>>> print(open('input34.cif').read())   # mmCIF, C-alpha atoms
data_protein
loop_
_atom_site.group_PDB
_atom_site.id
_atom_site.type_symbol
_atom_site.label_atom_id
_atom_site.label_comp_id
_atom_site.auth_asym_id
_atom_site.auth_seq_id
_atom_site.Cartn_x
_atom_site.Cartn_y
_atom_site.Cartn_z
ATOM 1 C CA MET A 250 154.147 189.288 -215.897
ATOM 2 C CA PHE A 251 152.089 192.094 -217.346
ATOM 3 C CA LEU A 252 152.466 195.252 -219.427
ATOM 4 C CA ARG A 253 152.591 198.809 -218.135
ATOM 5 C CA SER A 254 152.909 202.026 -220.106
ATOM 6 C CA SER A 255 153.986 205.576 -219.461
ATOM 7 C CA VAL A 256 153.342 208.731 -221.504
ATOM 8 C CA VAL A 257 156.092 211.211 -222.285
ATOM 9 C CA LYS A 258 155.289 214.591 -223.868
ATOM 10 C CA LYS A 259 157.852 216.189 -226.168
ATOM 11 C CA ALA A 260 157.395 219.228 -228.401
ATOM 12 C CA GLY A 261 153.654 219.143 -227.934
ATOM 13 C CA ARG A 262 153.342 215.488 -228.845
ATOM 14 C CA SER A 263 152.649 212.494 -226.605
ATOM 15 C CA TYR A 264 154.584 209.245 -226.842
ATOM 16 C CA ARG A 265 153.558 206.051 -225.073
ATOM 17 C CA TYR A 266 156.368 203.722 -224.020
ATOM 18 C CA TRP A 267 155.804 200.175 -222.824
ATOM 19 C CA LYS A 268 157.644 197.961 -220.392
ATOM 20 C CA LEU A 269 157.229 194.419 -219.190
ATOM 21 C CA VAL A 270 157.001 194.107 -215.381
ATOM 22 C CA GLU A 271 156.460 191.386 -212.807
ATOM 23 C CA ASN A 272 155.580 191.289 -209.137
ATOM 24 C CA VAL A 273 158.368 190.328 -206.736
ATOM 25 C CA ARG A 274 158.377 189.887 -202.974
ATOM 26 C CA THR A 275 160.871 192.020 -201.078
ATOM 27 C CA ASP A 276 161.586 192.759 -197.425
ATOM 28 C CA ALA A 277 159.523 195.918 -197.809
ATOM 29 C CA GLY A 278 156.582 194.005 -199.289
ATOM 30 C CA PRO A 279 155.399 193.264 -202.856
ATOM 31 C CA ARG A 280 157.026 195.419 -205.525
ATOM 32 C CA GLN A 281 156.936 195.655 -209.323
ATOM 33 C CA GLN A 282 160.187 194.942 -211.106
ATOM 34 C CA VAL A 283 160.864 195.895 -214.715
ATOM 35 C CA VAL A 284 161.793 192.866 -216.778
ATOM 36 C CA ALA A 285 162.300 194.690 -220.086
ATOM 37 C CA HIS A 286 161.781 198.152 -221.596
ATOM 38 C CA LEU A 287 159.866 197.631 -224.835
ATOM 39 C CA GLY A 288 159.725 201.233 -226.044
ATOM 40 C CA ASP A 289 157.182 202.536 -228.557
ATOM 41 C CA LEU A 290 155.137 199.641 -229.924
ATOM 42 C CA SER A 291 152.635 201.602 -232.012
ATOM 43 C CA ASN A 292 154.337 200.769 -235.316
ATOM 44 C CA PHE A 293 154.883 197.062 -234.672
ATOM 45 C CA THR A 294 153.960 194.665 -237.441
ATOM 46 C CA ALA A 295 152.733 191.082 -237.031
ATOM 47 C CA THR A 296 156.296 189.868 -237.499
ATOM 48 C CA ASP A 297 157.520 192.222 -234.774
ATOM 49 C CA TRP A 298 154.850 190.980 -232.332
ATOM 50 C CA GLN A 299 155.803 187.383 -233.031
ATOM 51 C CA ALA A 300 159.478 188.161 -232.503
ATOM 52 C CA LEU A 301 158.751 189.967 -229.231
ATOM 53 C CA ALA A 302 156.624 187.074 -227.949
ATOM 54 C CA GLY A 303 159.397 184.665 -228.923
ATOM 55 C CA ARG A 304 161.980 186.625 -226.929
ATOM 56 C CA MET A 305 159.621 186.487 -223.951
ATOM 57 C CA GLY A 306 159.503 182.698 -224.252
ATOM 58 C CA GLU A 307 155.762 182.740 -225.028
ATOM 59 C CA PRO A 308 155.364 182.624 -228.837
ATOM 60 C CA GLU A 309 151.620 181.967 -228.584
ATOM 61 C CA MET A 310 151.173 185.288 -226.759
ATOM 62 C CA ALA A 311 151.833 187.497 -229.793
ATOM 63 C CA ALA A 312 148.174 188.258 -230.516
ATOM 64 C CA ALA A 313 147.485 189.037 -226.840
ATOM 65 C CA LEU A 314 150.398 191.507 -226.696
ATOM 66 C CA GLU A 315 149.196 193.336 -229.773
ATOM 67 C CA ARG A 316 145.636 193.493 -228.413
ATOM 68 C CA ARG A 317 146.837 194.879 -225.078
ATOM 69 C CA VAL A 318 148.857 197.679 -226.701
ATOM 70 C CA ARG A 319 145.927 198.678 -228.861
ATOM 71 C CA GLN A 320 143.820 199.071 -225.721
ATOM 72 C CA GLY A 321 146.087 201.895 -224.622
ATOM 73 C CA GLY A 322 146.846 203.035 -221.080
ATOM 74 C CA ARG A 323 144.896 201.968 -217.989
ATOM 75 C CA GLN A 324 144.709 203.151 -214.420
ATOM 76 C CA GLY A 325 146.560 200.761 -212.127
ATOM 77 C CA ARG A 326 147.663 197.252 -213.003
ATOM 78 C CA PRO A 327 146.146 195.856 -216.207
ATOM 79 C CA PRO A 328 144.172 192.628 -215.762
ATOM 80 C CA LYS A 329 146.110 189.428 -216.276
ATOM 81 C CA TRP A 330 143.908 188.417 -219.175
ATOM 82 C CA THR A 331 145.332 191.250 -221.268
ATOM 83 C CA ILE A 332 148.679 189.425 -221.293
ATOM 84 C CA GLU A 333 147.562 185.848 -221.770
ATOM 85 C CA ASP A 334 145.923 184.891 -225.007
ATOM 86 C CA GLY A 335 142.397 184.740 -223.683
ATOM 87 C CA SER A 336 140.688 185.975 -226.839
ATOM 88 C CA ALA A 337 136.991 185.208 -227.014
ATOM 89 C CA SER A 338 135.819 182.645 -229.513
ATOM 90 C CA SER A 339 133.913 183.690 -232.585
ATOM 91 C CA ASP A 340 130.748 182.333 -230.959
ATOM 92 C CA ALA A 341 129.818 184.784 -228.180
ATOM 93 C CA SER A 342 126.742 182.830 -227.072
ATOM 94 C CA ASP A 343 128.633 181.496 -224.029
ATOM 95 C CA VAL A 344 129.642 184.969 -222.797
ATOM 96 C CA VAL A 345 127.663 186.450 -219.896
ATOM 97 C CA SER A 346 128.082 189.954 -218.471
ATOM 98 C CA ILE A 347 127.691 190.351 -214.709
ATOM 99 C CA ARG A 348 127.253 193.577 -212.750
ATOM 100 C CA LEU A 349 129.143 192.861 -209.539
ATOM 101 C CA SER A 350 127.585 195.871 -207.798
ATOM 102 C CA GLU A 351 124.145 194.303 -208.282
ATOM 103 C CA THR A 352 125.167 190.761 -207.393
ATOM 104 C CA SER A 353 124.390 189.340 -203.945
ATOM 105 C CA TRP A 354 124.710 186.006 -202.167
ATOM 106 C CA ARG A 355 121.617 184.697 -200.409
ATOM 107 C CA GLU A 356 120.702 181.525 -198.540
ATOM 108 C CA PRO A 357 124.175 179.930 -198.480
ATOM 109 C CA VAL A 358 124.370 176.262 -197.463
ATOM 110 C CA ALA A 359 127.163 174.157 -195.993
ATOM 111 C CA PHE A 360 128.666 171.922 -198.655
ATOM 112 C CA GLY A 361 132.260 170.809 -198.112
ATOM 113 C CA ASP A 362 131.925 168.940 -194.817
ATOM 114 C CA VAL A 363 128.666 167.151 -195.646
ATOM 115 C CA TYR A 364 129.941 166.234 -199.108
ATOM 116 C CA ALA A 365 133.131 164.714 -197.677
ATOM 117 C CA ALA A 366 131.100 162.745 -195.119
ATOM 118 C CA LEU A 367 128.750 161.504 -197.831
ATOM 119 C CA VAL A 368 131.709 160.371 -199.941
ATOM 120 C CA LEU A 369 133.008 158.419 -196.939
ATOM 121 C CA TRP A 370 129.549 156.851 -196.500
ATOM 122 C CA LYS A 371 129.650 155.667 -200.112
ATOM 123 C CA ARG A 372 133.270 154.483 -199.908
ATOM 124 C CA LEU A 373 132.302 152.306 -196.939
ATOM 125 C CA GLY A 374 129.509 150.815 -199.037
ATOM 126 C CA LEU A 375 126.896 151.444 -196.368
ATOM 127 C CA GLY A 376 124.343 152.873 -198.763
ATOM 128 C CA GLU A 377 124.630 149.802 -200.992
ATOM 129 C CA LEU A 378 124.420 147.469 -197.990
ATOM 130 C CA LEU A 379 121.290 149.104 -196.574
ATOM 131 C CA GLY A 380 119.767 149.344 -200.034
ATOM 132 C CA GLU A 381 119.922 145.571 -200.337
ATOM 133 C CA ARG A 382 118.445 144.997 -196.877
ATOM 134 C CA MET A 383 115.950 147.875 -196.630
ATOM 135 C CA ASN A 384 114.297 147.883 -200.028
ATOM 136 C CA ASP A 385 110.896 149.280 -199.094
ATOM 137 C CA SER A 386 109.286 150.583 -202.276
ATOM 138 C CA ALA A 387 106.308 151.901 -200.283
ATOM 139 C CA ALA A 388 108.463 154.326 -198.288
ATOM 140 C CA LYS A 389 108.041 157.964 -199.304
ATOM 141 C CA VAL A 390 111.760 158.544 -198.801
ATOM 142 C CA PRO A 391 114.243 155.641 -199.223
ATOM 143 C CA TRP A 392 115.438 154.539 -195.793
ATOM 144 C CA PRO A 393 119.107 154.281 -196.906
ATOM 145 C CA ALA A 394 119.021 157.987 -197.839
ATOM 146 C CA VAL A 395 117.584 158.911 -194.428
ATOM 147 C CA ALA A 396 120.223 156.735 -192.745
ATOM 148 C CA ALA A 397 122.917 158.559 -194.747
ATOM 149 C CA LEU A 398 121.531 161.893 -193.518
ATOM 150 C CA ILE A 399 121.758 160.764 -189.897
ATOM 151 C CA ALA A 400 125.262 159.299 -190.353
ATOM 152 C CA VAL A 401 126.557 162.502 -191.972
ATOM 153 C CA ASN A 402 125.188 164.545 -189.089
ATOM 154 C CA ARG A 403 126.835 162.253 -186.533
ATOM 155 C CA LEU A 404 130.174 162.853 -188.238
ATOM 156 C CA VAL A 405 129.868 166.572 -188.995
ATOM 157 C CA GLU A 406 127.763 168.121 -186.219
ATOM 158 C CA PRO A 407 126.224 165.538 -183.850
ATOM 159 C CA MET A 408 122.874 166.468 -182.366
ATOM 160 C CA PRO A 409 119.526 164.898 -181.433
ATOM 161 C CA GLU A 410 117.030 164.101 -184.149
ATOM 162 C CA TRP A 411 114.601 166.955 -183.477
ATOM 163 C CA PRO A 412 117.106 169.806 -184.161
ATOM 164 C CA MET A 413 118.592 167.754 -186.990
ATOM 165 C CA VAL A 414 115.489 168.593 -189.040
ATOM 166 C CA ARG A 415 116.477 172.278 -189.076
ATOM 167 C CA TRP A 416 120.196 171.557 -189.423
ATOM 168 C CA TRP A 417 119.948 169.533 -192.626
ATOM 169 C CA GLN A 418 117.980 172.321 -194.324
ATOM 170 C CA ARG A 419 121.024 174.588 -193.944
ATOM 171 C CA THR A 420 123.271 172.128 -195.796
ATOM 172 C CA ALA A 421 123.566 170.812 -199.342
ATOM 173 C CA LEU A 422 122.208 167.406 -198.296
ATOM 174 C CA PRO A 423 118.741 167.956 -199.850
ATOM 175 C CA GLN A 424 120.414 168.335 -203.248
ATOM 176 C CA LEU A 425 123.085 165.687 -202.674
ATOM 177 C CA LEU A 426 120.599 163.067 -201.434
ATOM 178 C CA GLY A 427 117.712 164.124 -203.666
ATOM 179 C CA ILE A 428 115.275 164.466 -200.764
ATOM 180 C CA PRO A 429 112.678 167.290 -200.648
ATOM 181 C CA LEU A 430 113.000 169.607 -197.662
ATOM 182 C CA THR A 431 109.468 168.882 -196.480
ATOM 183 C CA ALA A 432 109.981 165.101 -196.563
ATOM 184 C CA ILE A 433 112.119 164.969 -193.407
ATOM 185 C CA ASN A 434 110.745 165.373 -189.901
ATOM 186 C CA ASP A 435 111.848 164.057 -186.528
ATOM 187 C CA ASP A 436 109.370 161.155 -186.673
ATOM 188 C CA ARG A 437 110.921 159.877 -189.902
ATOM 189 C CA LEU A 438 114.405 160.142 -188.384
ATOM 190 C CA TYR A 439 113.372 158.187 -185.290
ATOM 191 C CA ARG A 440 111.649 155.528 -187.412
ATOM 192 C CA CYS A 441 114.805 155.179 -189.497
ATOM 193 C CA LEU A 442 116.769 154.259 -186.377
ATOM 194 C CA ASP A 443 114.262 151.473 -185.676
ATOM 195 C CA VAL A 444 114.508 150.230 -189.257
ATOM 196 C CA VAL A 445 118.330 150.213 -189.231
ATOM 197 C CA LEU A 446 118.708 148.485 -185.838
ATOM 198 C CA PRO A 447 118.093 144.901 -187.104
ATOM 199 C CA HIS A 448 121.036 145.328 -189.495
ATOM 200 C CA LYS A 449 123.466 146.421 -186.782
ATOM 201 C CA GLN A 450 125.702 143.338 -187.029
ATOM 202 C CA ALA A 451 125.931 143.546 -190.829
ATOM 203 C CA ILE A 452 126.886 147.233 -190.605
ATOM 204 C CA GLU A 453 129.596 146.528 -188.024
ATOM 205 C CA GLU A 454 131.034 143.708 -190.129
ATOM 206 C CA ARG A 455 131.092 145.921 -193.224
ATOM 207 C CA ILE A 456 132.832 148.795 -191.396
ATOM 208 C CA ALA A 457 135.346 146.432 -189.784
ATOM 209 C CA GLY A 458 136.163 144.746 -193.099
ATOM 210 C CA VAL A 459 136.402 147.914 -195.183
ATOM 211 C CA GLY A 460 138.259 149.657 -192.365
ATOM 212 C CA GLN A 461 141.130 147.199 -192.627
ATOM 213 C CA SER A 462 141.530 147.672 -196.379
ATOM 214 C CA LEU A 463 140.569 151.354 -196.702
ATOM 215 C CA PHE A 464 142.123 152.845 -193.555
ATOM 216 C CA GLY A 465 144.590 150.158 -192.521
ATOM 217 C CA GLN A 466 142.805 149.702 -189.210
ATOM 218 C CA SER A 467 144.174 147.122 -186.820
ATOM 219 C CA TYR A 468 142.035 145.210 -184.347
ATOM 220 C CA ARG A 469 144.898 143.504 -182.554
ATOM 221 C CA TYR A 470 144.074 145.646 -179.505
ATOM 222 C CA LEU A 471 140.533 146.601 -178.556
ATOM 223 C CA LEU A 472 139.415 148.877 -175.728
ATOM 224 C CA TYR A 473 136.063 148.598 -174.024
ATOM 225 C CA ASP A 474 134.162 150.506 -171.403
ATOM 226 C CA LEU A 475 130.861 149.884 -169.647
ATOM 227 C CA THR A 476 128.312 151.849 -167.732
ATOM 228 C CA SER A 477 124.861 151.022 -166.455
ATOM 229 C CA THR A 478 121.693 152.605 -165.250
ATOM 230 C CA TYR A 479 119.138 151.086 -162.932
ATOM 231 C CA PHE A 480 115.398 151.464 -162.520
ATOM 232 C CA GLU A 481 113.295 151.416 -159.410
ATOM 233 C CA GLY A 482 110.112 149.413 -159.704
ATOM 234 C CA GLN A 483 109.196 146.115 -161.345
ATOM 235 C CA MET A 484 109.869 147.290 -164.941
ATOM 236 C CA GLU A 485 107.575 144.552 -166.247
ATOM 237 C CA SER A 486 107.018 146.397 -169.541
ATOM 238 C CA ASN A 487 110.764 146.701 -170.285
ATOM 239 C CA PRO A 488 112.223 143.305 -171.215
ATOM 240 C CA LYS A 489 115.750 144.735 -171.490
ATOM 241 C CA ALA A 490 115.852 145.660 -167.821
ATOM 242 C CA LEU A 491 117.358 142.680 -165.978
ATOM 243 C CA ARG A 492 119.100 141.878 -162.749
ATOM 244 C CA GLY A 493 122.788 141.108 -162.669
ATOM 245 C CA TYR A 494 126.192 142.551 -161.779
ATOM 246 C CA SER A 495 125.457 146.076 -160.501
ATOM 247 C CA ARG A 496 128.043 148.831 -160.783
ATOM 248 C CA ASP A 497 125.697 151.109 -158.864
ATOM 249 C CA HIS A 498 125.603 148.716 -155.896
ATOM 250 C CA ARG A 499 121.885 148.238 -156.356
ATOM 251 C CA PRO A 500 121.464 144.510 -156.961
ATOM 252 C CA ASP A 501 117.847 144.877 -155.833
ATOM 253 C CA CYS A 502 116.989 146.911 -158.971
ATOM 254 C CA LYS A 503 116.755 145.936 -162.595
ATOM 255 C CA GLN A 504 119.207 147.647 -164.898
ATOM 256 C CA VAL A 505 120.553 147.929 -168.418
ATOM 257 C CA THR A 506 124.240 147.928 -169.365
ATOM 258 C CA ILE A 507 125.585 150.350 -171.952
ATOM 259 C CA GLY A 508 129.030 149.873 -173.422
ATOM 260 C CA ALA A 509 131.213 150.272 -176.468
ATOM 261 C CA VAL A 510 134.317 148.693 -177.990
ATOM 262 C CA VAL A 511 136.811 150.911 -179.818
ATOM 263 C CA ASP A 512 140.102 150.369 -181.576
ATOM 264 C CA ARG A 513 143.309 152.212 -180.765
ATOM 265 C CA GLU A 514 142.273 155.119 -182.983
ATOM 266 C CA GLY A 515 139.109 155.607 -180.953
ATOM 267 C CA LEU A 516 136.779 154.410 -183.711
ATOM 268 C CA ILE A 517 133.773 152.526 -182.386
ATOM 269 C CA SER A 518 133.971 148.905 -183.486
ATOM 270 C CA SER A 519 130.942 147.517 -181.692
ATOM 271 C CA LYS A 520 128.264 148.320 -179.159
ATOM 272 C CA LEU A 521 127.919 145.887 -176.314
ATOM 273 C CA PRO A 522 124.641 144.118 -175.459
ATOM 274 C CA GLN A 523 122.174 146.234 -173.558
ATOM 275 C CA HIS A 524 121.752 143.903 -170.609
ATOM 276 C CA PRO A 525 123.780 143.209 -167.460
ATOM 277 C CA VAL A 526 127.040 141.420 -168.230
ATOM 278 C CA ASP A 527 130.095 140.589 -166.162
ATOM 279 C CA PRO A 528 133.396 142.027 -167.441
ATOM 280 C CA VAL A 529 134.941 138.549 -167.401
ATOM 281 C CA ASP A 530 132.403 137.380 -169.971
ATOM 282 C CA LEU A 531 133.291 140.104 -172.488
ATOM 283 C CA LEU A 532 136.625 138.595 -173.504
ATOM 284 C CA GLU A 533 134.984 135.260 -174.157
ATOM 285 C CA ARG A 534 132.328 136.903 -176.317
ATOM 286 C CA PHE A 535 134.916 138.692 -178.431
ATOM 287 C CA GLN A 536 137.023 135.574 -178.855
ATOM 288 C CA ASN A 537 134.184 133.575 -180.332
ATOM 289 C CA ARG A 538 134.054 132.698 -184.005
ATOM 290 C CA ALA A 539 131.873 135.643 -185.011
ATOM 291 C CA ALA A 540 134.249 138.181 -183.479
ATOM 292 C CA VAL A 541 137.343 136.520 -184.951
ATOM 293 C CA HIS A 542 135.673 136.468 -188.340
ATOM 294 C CA ARG A 543 134.887 140.181 -187.997
ATOM 295 C CA TYR A 544 138.098 141.501 -186.466
ATOM 296 C CA GLY A 545 140.702 138.776 -186.991
ATOM 297 C CA ALA A 546 142.867 137.539 -184.138
ATOM 298 C CA ILE A 547 142.363 139.730 -181.060
ATOM 299 C CA HIS A 548 145.568 139.855 -178.999
ATOM 300 C CA ARG A 549 144.455 142.226 -176.249
ATOM 301 C CA PHE A 550 141.052 143.195 -174.906
ATOM 302 C CA VAL A 551 141.671 146.032 -172.460
ATOM 303 C CA LYS A 552 139.377 147.915 -170.100
ATOM 304 C CA ALA A 553 139.533 151.614 -170.903
ATOM 305 C CA ILE A 554 140.063 153.854 -167.894
ATOM 306 C CA VAL A 555 138.417 157.230 -168.394
ATOM 307 C CA ALA A 556 139.224 160.009 -165.933
ATOM 308 C CA ALA A 557 136.132 161.756 -164.683
#
>>> encode(input="input34.cif", output="structure tokens")
Amino acid sequence: MFLRSSVVKKAGRSYRYWKLVENVRTDAGPRQQVVAHLGDLSNFTATDWQALAGRMGEPEMAAALERRVRQGGRQGRPPKWTIEDGSASSDASDVVSIRLSETSWREPVAFGDVYAALVLWKRLGLGELLGERMNDSAAKVPWPAVAALIAVNRLVEPMPEWPMVRWWQRTALPQLLGIPLTAINDDRLYRCLDVVLPHKQAIEERIAGVGQSLFGQSYRYLLYDLTSTYFEGQMESNPKALRGYSRDHRPDCKQVTIGAVVDREGLISSKLPQHPVDPVDLLERFQNRAAVHRYGAIHRFVKAIVAA
């Protein structure tokens, strides 16, 4: 609700009459509806203002009503603060005047999505886990913070590491992570992946354990899928390239197998070993003690069929 006034001229004199109005929604759109005609309020005393505020059901609004009437008429709808008791305190040191016509917005950064992803990172305890395992005081930038940057990007806007350097500068991550803009380059991002890799199993166990309590994830059914790529030549300098079951019908070439295990929600639960493996062996691997400890009893281990 807010106050509006109208001026009536009689016998050469002007009289200002007040009314209390509110906005209502009608079939024709928003309209103002008169709640009460208050009349001439110029001669009201403090007692009258208190009585009027009491009849409105807002006794604490008496001073605000009196202040609004003393301000006189305004063009258009009066601001809401003229109704509510928003009187400034006696100390005006916390009041700042702003010229909106001279105010601009420059260099905006993305905040909401990266902040939510960073909160999820902390709720999963991954920063604490990597902090215990990657405590390198000689590093210019803490590796757990760089790993958090990469993980947030994978969740918000996945991309390779080299464009990620420009992407993170357009977000609030430098302030949220406390990392200078110039401290991150693609080399540092690639090195972070190498530093995190030895802790892969610990990360998977943490996500699987917290996932059950935090998200109610169930690992009763797991889906897996495999693919492979082969190399021509001896590949003597690549120890991960081995011979084995070939999906490309090239048993004469060395190859690597790439695969992933996901739950029913599509969340990646594990990455499969990067060497040739027969599908029959996968179930045995996931029924061993380590997998049962990580996921609990696995009832079904199903090959995912992805339509090309």
>>> closest_residue(input="input34.cif", among="A:Pro357, A:Pro500, A:Pro488, A:Gly288", to="A:Val256", atoms="all atoms listed in the file")
A:Gly288
>>> closest_residue(input="input34.cif", among="A:Ile433, A:Arg513, A:Gly493, A:Gln450", to="A:Arg469", atoms="only C-alpha atoms")
A:Arg513
>>> closest_residue(input="input34.cif", among="A:Leu314, A:Val395, A:Leu475, A:Val505", to="A:Asn487", atoms="all atoms listed in the file")
A:Val505
>>> resolve_selection(input="input34.cif", expression="the PyMOL selection byres ((chain A and resi 315) around 12)", output="MDAnalysis selection string")
chainID A and resid 252 267 290:302 309:314 316:321 331:334 336
>>> residues_around(input="input34.cif", residues="A:Pro391", least_positions_apart="3", cutoff="12 Å", atoms="only C-alpha atoms", output="PyMOL selection string")
chain A and resi 376+379-388+394-398+426-429+432-433+437-438+441+444
>>> atom_distance(input="input34.cif", atom1="atom CA of A:Ile456", atom2="atom CA of A:Pro393")
15.8 Å
>>> decode(input="input34.cif", residues="stretch 256-270 of chain A", atoms="N, CA and C atoms", output="mmCIF file, in the first residue's frame")
data_model
loop_
_atom_site.group_PDB
_atom_site.id
_atom_site.type_symbol
_atom_site.label_atom_id
_atom_site.label_comp_id
_atom_site.auth_asym_id
_atom_site.auth_seq_id
_atom_site.Cartn_x
_atom_site.Cartn_y
_atom_site.Cartn_z
ATOM 1 N N VAL A 256 -5.265 17.425 -5.503
ATOM 2 C CA VAL A 256 -5.453 18.823 -5.108
ATOM 3 C C VAL A 256 -6.780 19.321 -5.674
ATOM 4 N N VAL A 257 -7.562 19.918 -4.810
ATOM 5 C CA VAL A 257 -8.849 20.489 -5.203
ATOM 6 C C VAL A 257 -8.803 21.998 -4.899
ATOM 7 N N LYS A 258 -9.163 22.816 -5.863
ATOM 8 C CA LYS A 258 -9.166 24.263 -5.691
ATOM 9 C C LYS A 258 -10.592 24.752 -5.489
ATOM 10 N N LYS A 259 -10.787 25.491 -4.408
ATOM 11 C CA LYS A 259 -12.092 26.075 -4.090
ATOM 12 C C LYS A 259 -11.891 27.500 -3.600
ATOM 13 N N ALA A 260 -12.630 28.415 -4.209
ATOM 14 C CA ALA A 260 -12.623 29.825 -3.796
ATOM 15 C C ALA A 260 -11.201 30.375 -3.753
ATOM 16 N N GLY A 261 -10.409 29.987 -4.734
ATOM 17 C CA GLY A 261 -9.056 30.519 -4.806
ATOM 18 C C GLY A 261 -8.066 29.851 -3.885
ATOM 19 N N ARG A 262 -8.487 28.848 -3.170
ATOM 20 C CA ARG A 262 -7.580 28.146 -2.261
ATOM 21 C C ARG A 262 -7.420 26.703 -2.712
ATOM 22 N N SER A 263 -6.271 26.122 -2.407
ATOM 23 C CA SER A 263 -5.975 24.738 -2.785
ATOM 24 C C SER A 263 -6.016 23.848 -1.550
ATOM 25 N N TYR A 264 -6.658 22.713 -1.715
ATOM 26 C CA TYR A 264 -6.761 21.729 -0.620
ATOM 27 C C TYR A 264 -6.202 20.390 -1.133
ATOM 28 N N ARG A 265 -5.356 19.796 -0.330
ATOM 29 C CA ARG A 265 -4.773 18.500 -0.703
ATOM 30 C C ARG A 265 -5.454 17.413 0.119
ATOM 31 N N TYR A 266 -6.017 16.427 -0.588
ATOM 32 C CA TYR A 266 -6.692 15.313 0.061
ATOM 33 C C TYR A 266 -5.908 14.016 -0.221
ATOM 34 N N TRP A 267 -5.845 13.198 0.791
ATOM 35 C CA TRP A 267 -5.026 11.978 0.721
ATOM 36 C C TRP A 267 -5.899 10.734 0.718
ATOM 37 N N LYS A 268 -5.396 9.711 0.077
ATOM 38 C CA LYS A 268 -6.071 8.413 0.089
ATOM 39 C C LYS A 268 -5.013 7.300 0.103
ATOM 40 N N LEU A 269 -5.407 6.208 0.673
ATOM 41 C CA LEU A 269 -4.547 5.040 0.768
ATOM 42 C C LEU A 269 -4.935 4.070 -0.347
ATOM 43 N N VAL A 270 -3.961 3.691 -1.201
ATOM 44 C CA VAL A 270 -4.255 2.833 -2.347
ATOM 45 C C VAL A 270 -3.326 1.623 -2.335
#
